[in-house]
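Participant: Sharing upload_34.txt here; it has compact mmCIF, C-alpha atoms and all ligand atoms.
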```
# COMPACT_ATOMS: atom_id res chain seq x y z
CA MET E 1 -23.76 30.12 -10.66
CA GLN E 2 -23.93 33.68 -11.96
CA LYS E 3 -22.94 33.03 -15.57
CA ALA E 4 -25.58 33.27 -18.33
CA ILE E 5 -27.42 30.55 -20.22
CA GLY E 6 -26.39 30.65 -23.89
CA ILE E 7 -29.03 30.00 -26.52
CA PHE E 8 -28.65 29.81 -30.27
CA ASP E 9 -31.01 29.41 -33.17
CA SER E 10 -30.78 29.85 -36.92
CA GLY E 11 -32.59 33.18 -36.53
CA ILE E 12 -35.52 34.61 -34.65
CA GLY E 13 -37.47 31.38 -34.07
CA GLY E 14 -35.50 30.38 -30.98
CA LEU E 15 -37.03 33.37 -29.23
CA THR E 16 -40.08 31.14 -28.62
CA VAL E 17 -37.73 28.96 -26.55
CA LEU E 18 -36.19 31.97 -24.83
CA LYS E 19 -39.69 33.20 -23.97
CA GLU E 20 -40.44 29.93 -22.14
CA LEU E 21 -37.01 29.98 -20.48
CA ILE E 22 -37.66 33.46 -19.13
CA ALA E 23 -41.07 32.34 -17.84
CA ALA E 24 -39.55 29.30 -16.09
CA LEU E 25 -36.29 30.95 -14.92
CA PRO E 26 -36.86 34.71 -14.75
CA ARG E 27 -33.72 35.36 -12.71
CA GLU E 28 -31.23 33.74 -15.07
CA HIS E 29 -29.03 35.89 -17.32
CA THR E 30 -29.41 34.91 -20.98
CA ILE E 31 -27.32 35.43 -24.11
CA TYR E 32 -29.14 34.72 -27.37
CA LEU E 33 -27.45 34.29 -30.73
CA GLY E 34 -29.62 34.34 -33.86
CA ASP E 35 -27.67 33.28 -36.94
CA THR E 36 -29.79 35.55 -39.13
CA ALA E 37 -27.18 35.80 -41.90
CA ARG E 38 -27.38 32.05 -42.54
CA VAL E 39 -31.04 31.27 -41.82
CA PRO E 40 -32.80 29.01 -42.79
CA TYR E 41 -31.06 25.88 -41.53
CA GLY E 42 -34.07 23.73 -42.38
CA ILE E 43 -33.12 23.29 -46.04
CA ARG E 44 -29.37 22.76 -45.52
CA SER E 45 -27.22 19.64 -45.41
CA ALA E 46 -26.24 17.93 -42.15
CA GLU E 47 -22.60 18.88 -42.70
CA THR E 48 -23.40 22.58 -43.04
CA VAL E 49 -25.81 22.68 -40.09
CA THR E 50 -23.19 20.97 -37.90
CA ARG E 51 -20.50 23.48 -38.93
CA TYR E 52 -22.85 26.38 -38.17
CA SER E 53 -23.73 24.84 -34.79
CA PHE E 54 -20.05 24.53 -33.86
CA GLU E 55 -19.35 28.13 -34.86
CA ASN E 56 -22.36 29.41 -32.90
CA THR E 57 -21.31 27.41 -29.85
CA ARG E 58 -17.74 28.76 -30.00
CA PHE E 59 -19.10 32.31 -30.10
CA LEU E 60 -21.33 31.72 -27.07
CA LEU E 61 -18.58 29.94 -25.13
CA ALA E 62 -16.42 33.04 -25.59
CA GLN E 63 -19.21 34.94 -23.75
CA GLU E 64 -18.62 32.68 -20.72
CA ILE E 65 -21.91 30.82 -20.56
CA LYS E 66 -22.63 28.05 -18.04
CA MET E 67 -24.98 26.02 -20.23
CA LEU E 68 -25.97 25.88 -23.90
CA VAL E 69 -29.50 25.53 -25.23
CA VAL E 70 -29.66 24.59 -28.90
CA ALA E 71 -33.01 26.27 -29.47
CA CYS E 72 -33.26 25.29 -33.13
CA ASN E 73 -35.05 22.02 -33.91
CA THR E 74 -33.06 21.51 -37.10
CA ALA E 75 -29.71 22.03 -35.33
CA SER E 76 -30.87 19.81 -32.44
CA ALA E 77 -31.99 17.05 -34.80
CA ILE E 78 -28.78 17.09 -36.79
CA SER E 79 -25.91 18.25 -34.63
CA LEU E 80 -26.76 17.92 -30.93
CA ASP E 81 -24.66 14.81 -30.31
CA ALA E 82 -21.67 16.32 -32.13
CA VAL E 83 -21.95 19.57 -30.14
CA LYS E 84 -22.22 17.62 -26.85
CA HIS E 85 -19.17 15.61 -27.81
CA GLU E 86 -17.09 18.62 -28.90
CA PHE E 87 -17.76 21.14 -26.14
CA PRO E 88 -17.22 20.84 -22.38
CA LEU E 89 -20.48 22.22 -20.97
CA PRO E 90 -24.04 20.99 -20.40
CA VAL E 91 -25.91 21.12 -23.74
CA ILE E 92 -29.68 20.83 -24.04
CA GLY E 93 -31.57 20.53 -27.32
CA VAL E 94 -35.26 20.99 -28.03
CA LEU E 95 -35.85 17.55 -29.47
CA GLU E 96 -35.63 15.12 -26.59
CA PRO E 97 -37.83 17.13 -24.19
CA GLY E 98 -40.52 17.27 -26.93
CA ALA E 99 -40.19 13.58 -27.72
CA ARG E 100 -40.47 12.66 -24.02
CA ALA E 101 -43.56 14.81 -23.54
CA ALA E 102 -45.19 13.28 -26.63
CA ALA E 103 -44.49 9.71 -25.52
CA ALA E 104 -46.01 10.51 -22.12
CA ALA E 105 -49.05 12.25 -23.61
CA THR E 106 -50.21 9.79 -26.26
CA GLY E 107 -53.03 7.47 -25.29
CA ASN E 108 -53.48 5.59 -28.56
CA LYS E 109 -49.72 5.46 -29.30
CA LYS E 110 -50.02 7.43 -32.53
CA VAL E 111 -47.84 10.53 -32.57
CA GLY E 112 -47.41 13.10 -35.34
CA ILE E 113 -44.25 15.16 -35.79
CA ILE E 114 -44.04 18.32 -37.88
CA GLY E 115 -40.83 20.22 -38.64
CA THR E 116 -38.55 21.58 -41.34
CA GLU E 117 -37.45 19.40 -44.24
CA ALA E 118 -34.04 18.78 -42.62
CA THR E 119 -35.55 17.87 -39.22
CA ILE E 120 -38.01 15.42 -40.73
CA ALA E 121 -35.41 13.95 -43.14
CA SER E 122 -33.05 13.32 -40.20
CA GLY E 123 -35.61 11.00 -38.55
CA ALA E 124 -34.29 12.22 -35.18
CA TYR E 125 -37.68 12.86 -33.55
CA GLU E 126 -38.96 9.48 -34.65
CA ARG E 127 -35.88 7.76 -33.20
CA ALA E 128 -36.19 9.69 -29.94
CA VAL E 129 -39.88 8.76 -29.51
CA LYS E 130 -39.29 5.11 -30.47
CA LYS E 131 -36.37 4.88 -28.05
CA ILE E 132 -38.76 5.74 -25.23
CA ASP E 133 -41.56 3.46 -26.45
CA PRO E 134 -41.01 1.30 -29.56
CA ALA E 135 -44.75 0.56 -29.69
CA ILE E 136 -45.57 4.16 -30.62
CA ASP E 137 -46.34 4.75 -34.29
CA VAL E 138 -44.76 7.99 -35.48
CA PHE E 139 -46.05 9.89 -38.51
CA SER E 140 -43.90 12.76 -39.75
CA MET E 141 -44.58 15.67 -42.08
CA ALA E 142 -42.28 18.46 -43.26
CA CYS E 143 -44.13 21.78 -43.32
CA PRO E 144 -41.69 24.13 -45.10
CA LEU E 145 -44.22 26.90 -45.73
CA PHE E 146 -44.94 27.43 -42.04
CA VAL E 147 -41.68 29.32 -41.32
CA PRO E 148 -42.11 32.01 -44.01
CA LEU E 149 -45.81 32.34 -43.13
CA VAL E 150 -44.99 33.13 -39.52
CA GLU E 151 -42.19 35.52 -40.46
CA GLU E 152 -44.62 37.30 -42.78
CA GLY E 153 -46.99 37.71 -39.83
CA TRP E 154 -49.56 35.43 -41.54
CA PHE E 155 -49.96 33.04 -38.66
CA ASP E 156 -53.68 33.32 -38.11
CA ASN E 157 -55.43 34.07 -41.39
CA ASP E 158 -57.17 32.17 -44.20
CA VAL E 159 -53.89 31.41 -46.02
CA ALA E 160 -52.34 29.93 -42.87
CA GLU E 161 -55.47 27.82 -42.37
CA LEU E 162 -55.39 26.54 -45.96
CA VAL E 163 -51.71 25.60 -45.72
CA ALA E 164 -52.19 23.99 -42.30
CA ASN E 165 -55.06 21.94 -43.69
CA ARG E 166 -52.92 20.64 -46.55
CA TYR E 167 -50.06 19.61 -44.27
CA LEU E 168 -52.06 18.28 -41.36
CA ALA E 169 -54.95 16.42 -43.02
CA PRO E 170 -52.80 13.31 -43.73
CA LEU E 171 -51.63 13.21 -40.11
CA LYS E 172 -55.19 13.60 -38.85
CA ALA E 173 -56.26 10.76 -41.16
CA ARG E 174 -53.70 8.51 -39.44
CA GLY E 175 -55.58 8.96 -36.19
CA ILE E 176 -52.83 10.68 -34.18
CA ASP E 177 -53.84 11.90 -30.72
CA THR E 178 -50.62 13.92 -30.14
CA LEU E 179 -48.69 16.29 -32.40
CA VAL E 180 -45.18 17.59 -31.72
CA LEU E 181 -44.56 21.14 -32.92
CA GLY E 182 -41.00 20.31 -33.97
CA CYS E 183 -39.88 23.73 -35.16
CA THR E 184 -39.22 26.98 -33.33
CA HIS E 185 -41.83 28.88 -35.36
CA TYR E 186 -44.74 26.52 -34.90
CA PRO E 187 -45.86 27.55 -31.39
CA ILE E 188 -46.93 30.83 -33.04
CA LEU E 189 -49.27 28.81 -35.27
CA LYS E 190 -50.85 26.96 -32.34
CA GLY E 191 -54.22 28.67 -32.82
CA VAL E 192 -54.60 27.74 -36.47
CA ILE E 193 -53.14 24.24 -35.96
CA SER E 194 -55.57 23.41 -33.16
CA ARG E 195 -58.48 24.74 -35.20
CA VAL E 196 -57.52 22.56 -38.16
CA LEU E 197 -56.91 19.44 -36.05
CA GLY E 198 -59.91 19.80 -33.77
CA SER E 199 -60.08 19.23 -30.05
CA GLY E 200 -59.02 15.58 -29.73
CA ILE E 201 -55.34 16.11 -30.63
CA ARG E 202 -52.86 17.32 -28.03
CA LEU E 203 -50.16 19.74 -29.15
CA ILE E 204 -46.67 19.38 -27.67
CA ASP E 205 -44.68 22.59 -27.60
CA SER E 206 -40.96 21.73 -27.59
CA ALA E 207 -40.16 25.21 -26.24
CA THR E 208 -42.11 24.69 -22.99
CA GLU E 209 -40.72 21.20 -22.49
CA THR E 210 -37.15 22.43 -23.06
CA ALA E 211 -37.51 25.22 -20.49
CA LYS E 212 -38.65 22.62 -17.91
CA GLU E 213 -35.60 20.50 -18.68
CA VAL E 214 -33.18 23.44 -18.38
CA SER E 215 -34.64 24.25 -14.98
CA GLU E 216 -34.30 20.64 -13.82
CA VAL E 217 -30.69 20.37 -14.99
CA LEU E 218 -29.72 23.65 -13.29
CA ASP E 219 -31.37 22.42 -10.09
CA LYS E 220 -29.52 19.13 -10.24
CA LEU E 221 -26.18 20.87 -10.78
CA LYS E 222 -27.06 23.51 -8.16
CA TRP E 223 -26.15 26.08 -10.82
CA LYS E 224 -29.14 28.41 -10.53
CA ARG E 225 -28.26 32.06 -10.13
CA THR E 226 -28.21 33.06 -6.49
CA ASP E 227 -27.15 36.72 -6.46
CA GLY E 228 -29.65 39.64 -6.45
CA GLY E 229 -30.42 42.12 -9.21
CA THR E 230 -32.39 41.82 -12.41
CA ALA E 231 -31.46 39.36 -15.11
CA VAL E 232 -29.39 40.67 -18.02
CA ARG E 233 -30.56 39.67 -21.52
CA LYS E 234 -28.17 40.04 -24.43
CA PHE E 235 -29.05 39.49 -28.08
CA PHE E 236 -26.56 38.93 -30.89
CA VAL E 237 -27.32 38.43 -34.58
CA THR E 238 -25.11 37.71 -37.59
CA ASP E 239 -27.03 39.95 -40.03
CA THR E 240 -28.06 43.56 -39.47
CA PRO E 241 -30.42 43.66 -36.47
CA ALA E 242 -33.41 45.65 -37.86
CA ARG E 243 -35.58 42.71 -38.98
CA PHE E 244 -34.74 40.63 -35.91
CA GLU E 245 -35.64 43.50 -33.61
CA LYS E 246 -38.93 44.13 -35.45
CA ILE E 247 -40.25 40.56 -35.78
CA GLY E 248 -38.56 39.33 -32.61
CA THR E 249 -41.07 41.03 -30.35
CA LEU E 250 -43.80 38.84 -31.86
CA PHE E 251 -41.87 35.72 -30.86
CA LEU E 252 -40.77 36.98 -27.47
CA GLY E 253 -44.03 38.68 -26.61
CA GLU E 254 -42.15 41.56 -25.00
CA GLY E 255 -41.75 45.25 -25.76
CA SER E 256 -38.57 46.36 -27.48
CA LEU E 257 -35.62 44.23 -28.45
CA LYS E 258 -32.07 45.48 -29.12
CA ALA E 259 -29.52 43.24 -30.79
CA GLU E 260 -25.88 43.62 -31.70
CA GLN E 261 -24.46 42.37 -34.99
CA VAL E 262 -21.47 40.03 -34.68
CA ARG E 263 -19.30 37.82 -36.87
CA VAL E 264 -19.57 34.09 -36.24
CA GLY E 265 -17.39 31.70 -38.22
CA GLY E 266 -17.05 33.04 -41.75
CA VAL E 267 -19.96 35.52 -41.75
N1 LIG Z 301 -35.18 27.30 -36.27
C1 LIG Z 301 -35.54 26.35 -37.30
C2 LIG Z 301 -36.07 25.08 -36.62
O1 LIG Z 301 -36.53 25.09 -35.50
C3 LIG Z 301 -36.55 26.90 -38.26
C4 LIG Z 301 -35.99 27.92 -39.21
C5 LIG Z 301 -34.88 27.38 -40.08
O2 LIG Z 301 -35.14 26.58 -41.01
O3 LIG Z 301 -33.74 27.74 -39.83
O4 LIG Z 301 -36.03 24.03 -37.22
```
Just give me the structure of the file as structure tokens.
Ligand code: DGL
Facilitator:
Amino acid sequence: MQKAIGIFDSGIGGLTVLKELIAALPREHTIYLGDTARVPYGIRSAETVTRYSFENTRFLLAQEIKMLVVACNTASAISLDAVKHEFPLPVIGVLEPGARAAAAATGNKKVGIIGTEATIASGAYERAVKKIDPAIDVFSMACPLFVPLVEEGWFDNDVAELVANRYLAPLKARGIDTLVLGCTHYPILKGVISRVLGSGIRLIDSATETAKEVSEVLDKLKWKRTDGGTAVRKFFVTDTPARFEKIGTLFLGEGSLKAEQVRVGGV
């Protein structure tokens, strides 16, 4: 099918998911919506995050997408079921692929989850892991300072290491052997996180796992793009694009990024 894959996130973070999607499915057209006027979602109520998710989905559906990827961990944790129920297209979130990979990876059945305050408060990752294997002990930790650190470009310096140590020491003390990076921004902190945790703890990147799942679902539906020509990538944002375009390249790992400002819902 020639239509694009639609992806939304609260802002720039979902570009880590898009990056993995492009690596796994380079020929697919993509339309990315970053809700930069309303970021962060991670400190908002479930009701608000669900409303934002619905509005973002309506915008992307109007662009004629074939599938939706909710690339935001907070939106996936809080509103994925509601979005699936409300809209008539395949919807994939970042949470279940990460939870599945963690359950498969853990040897000692002790898994750590890190994410925004809203993601951790929702308990969604814990439920997803326990649904796969109730014997797994899940230890969760909200790491609210990680998002601003990454957006400031401080993802691999002494401050990042200090903050990572504070957040991760209690999880390490629990003896986890697997840690889920349950937020779009955290893959960028992989270096510092692995240094702080040491070599015995496996990191699960929800972005990579989600890209694998999208590919599998498209295969199953026989919906992969079959025509020739290069893939078209469109970027929309709800605030002015300058900051997104500047920091976005760090997340996407590609040259220049051009985004168009749009109105979604009330903003
Ligand atoms: N995209 C969000 C997430 O993955 C992080 C940023 C925010 O709080 O909106 O949870």
Participant: Using only C-alpha atoms and a cutoff of 10 Å, can you tell me which residues are near (-42.0, 32.8, -24.3) in the file's coordinates, and write them out as JSON, numbers by chain?
Facilitator: {"E": [14, 15, 16, 17, 18, 19, 20, 21, 22, 23, 24, 187, 207, 208, 211, 250, 251, 252, 253, 254]}
Participant: Which residues are close to Asn165 (chain E), i.e. within 12 Å by all atoms listed in the file, leaving aside same-chain residues fewer than 5 positions away? Reply as a VMD selection string.
Facilitator: chain E and resid 143 146 158 to 160 170 to 173 192 to 198
Participant: With all atoms listed in the file counted and 9 Å as the cut-off, give the residues of chain E in contact with ligand LIG 301 (chain Z), each with its shortest interatomic distance in Å and the pair that gives it, as CSV.
Facilitator:
```
residue,atom,partner,partner_atom,distance
E:Asp9,CA,Z:LIG301,N1,5.6
E:Ser10,CA,Z:LIG301,O3,4.7
E:Gly11,CA,Z:LIG301,N1,6.4
E:Ile12,CA,Z:LIG301,N1,7.5
E:Gly13,CA,Z:LIG301,N1,5.2
E:Gly14,CA,Z:LIG301,N1,6.1
E:Asp35,CA,Z:LIG301,O3,8.7
E:Thr36,CA,Z:LIG301,O3,8.8
E:Arg38,CA,Z:LIG301,O3,8.1
E:Val39,CA,Z:LIG301,O3,4.9
E:Pro40,CA,Z:LIG301,O3,3.4
E:Tyr41,CA,Z:LIG301,O3,3.7
E:Gly42,CA,Z:LIG301,O2,3.3
E:Ile43,CA,Z:LIG301,O2,6.3
E:Arg44,CA,Z:LIG301,O2,8.3
E:Ala71,CA,Z:LIG301,O1,7.1
E:Cys72,CA,Z:LIG301,O1,4.0
E:Asn73,CA,Z:LIG301,O1,3.8
E:Thr74,CA,Z:LIG301,O4,3.9
E:Ala75,CA,Z:LIG301,O4,6.9
E:Ser76,CA,Z:LIG301,O4,8.2
E:Ala77,CA,Z:LIG301,O4,8.4
E:Val94,CA,Z:LIG301,O1,8.6
E:Gly115,CA,Z:LIG301,O4,6.3
E:Thr116,CA,Z:LIG301,O4,5.4
E:Glu117,CA,Z:LIG301,O2,8.2
E:Ala118,CA,Z:LIG301,O4,7.8
E:Thr119,CA,Z:LIG301,O4,6.5
E:Pro144,CA,Z:LIG301,O2,8.1
E:Val147,CA,Z:LIG301,C4,6.2
E:Pro148,CA,Z:LIG301,C4,8.8
E:Gly182,CA,Z:LIG301,O1,6.7
E:Cys183,CA,Z:LIG301,O1,3.6
E:Thr184,CA,Z:LIG301,O1,3.9
E:His185,CA,Z:LIG301,C3,6.3
E:Tyr186,CA,Z:LIG301,O1,8.4
```
Participant: My list of candidates is E:Met141, E:Ile114, E:Ile7, E:Ile136. Which is closest to Leu203 (chain E) when distances are computed with all atoms listed in the file?
Facilitator: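 Checking each of E:Met141, E:Ile114, E:Ile7, E:Ile136 against Leu203 (chain E), counting all atoms listed in the file, the winner is E:Ile114.
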Participant: What is the CA of Leu60 (chain E) to CA of Lys258 (chain E) distance in Å?
Facilitator: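 It comes out at 17.6 Å.
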Participant: Work out how far apart CA of Leu162 (chain E) and CA of Ile188 (chain E) are and give it in Å to one decimal.
Facilitator: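 Taking CA of Leu162 (chain E) and CA of Ile188 (chain E), their separation equals 16.0 Å.
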Participant: Which is closer to Thr226 (chain E) than all the others in E:Met1, E:Ala99, E:Val150, E:Val129, using all atoms listed in the file?
Facilitator: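 Using all atoms listed in the file, the shortest distance to Thr226 (chain E) belongs to E:Met1.
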Participant: Near Gly229 (chain E), counting only C-alpha atoms, which residues have an atom at most 12 Å away, once you skip same-chain residues fewer than 3 positions from it, shown as a list in words?
Facilitator: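 Contacts, with the query itself left out: Gln2, Pro26, Arg27, Glu28, His29, Arg225, Thr226 and Val232 of chain E.
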Participant: At a cut-off of 10 Å, using only C-alpha atoms, what residues contact Phe87 (chain E)? Leave out same-chain residues fewer than 2 positions from it and give the result as a PyMOL selection string.
Facilitator: chain E and resi 54+57-58+61+68+82-85+89-91
Participant: Export region 229-259 of chain E, C-alpha atoms, as a short mmCIF file (atom, residue, chain, number, x, y, z; two decimals), in the first residue's frame; it's the structure right above.
Facilitator:
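Saved file out-v3.cif follows:
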```cif
data_model
loop_
_atom_site.label_atom_id
_atom_site.label_comp_id
_atom_site.auth_asym_id
_atom_site.auth_seq_id
_atom_site.Cartn_x
_atom_site.Cartn_y
_atom_site.Cartn_z
CA GLY E 229 10.77 6.10 -6.12
CA THR E 230 12.25 7.48 -2.93
CA ALA E 231 10.28 7.68 0.27
CA VAL E 232 8.65 11.01 1.11
CA ARG E 233 9.10 12.28 4.69
CA LYS E 234 6.83 15.02 5.97
CA PHE E 235 7.17 16.77 9.32
CA PHE E 236 4.47 18.80 11.04
CA VAL E 237 4.71 20.64 14.35
CA THR E 238 2.19 22.62 16.40
CA ASP E 239 4.63 25.35 17.51
CA THR E 240 6.98 27.34 15.29
CA PRO E 241 9.41 24.89 13.66
CA ALA E 242 12.82 26.49 14.43
CA ARG E 243 13.64 24.58 17.63
CA PHE E 244 12.31 21.28 16.27
CA GLU E 245 14.38 21.64 13.12
CA LYS E 246 17.52 22.49 15.12
CA ILE E 247 17.38 19.81 17.84
CA GLY E 248 15.58 17.28 15.65
CA THR E 249 18.70 16.43 13.69
CA LEU E 250 20.28 15.16 16.92
CA PHE E 251 17.40 12.74 17.40
CA LEU E 252 17.10 11.71 13.78
CA GLY E 253 20.82 11.58 13.09
CA GLU E 254 20.27 13.07 9.64
CA GLY E 255 21.24 16.33 7.95
CA SER E 256 18.59 19.01 7.68
CA LEU E 257 15.00 18.83 8.78
CA LYS E 258 12.14 21.03 7.51
CA ALA E 259 8.83 21.11 9.33
#
```
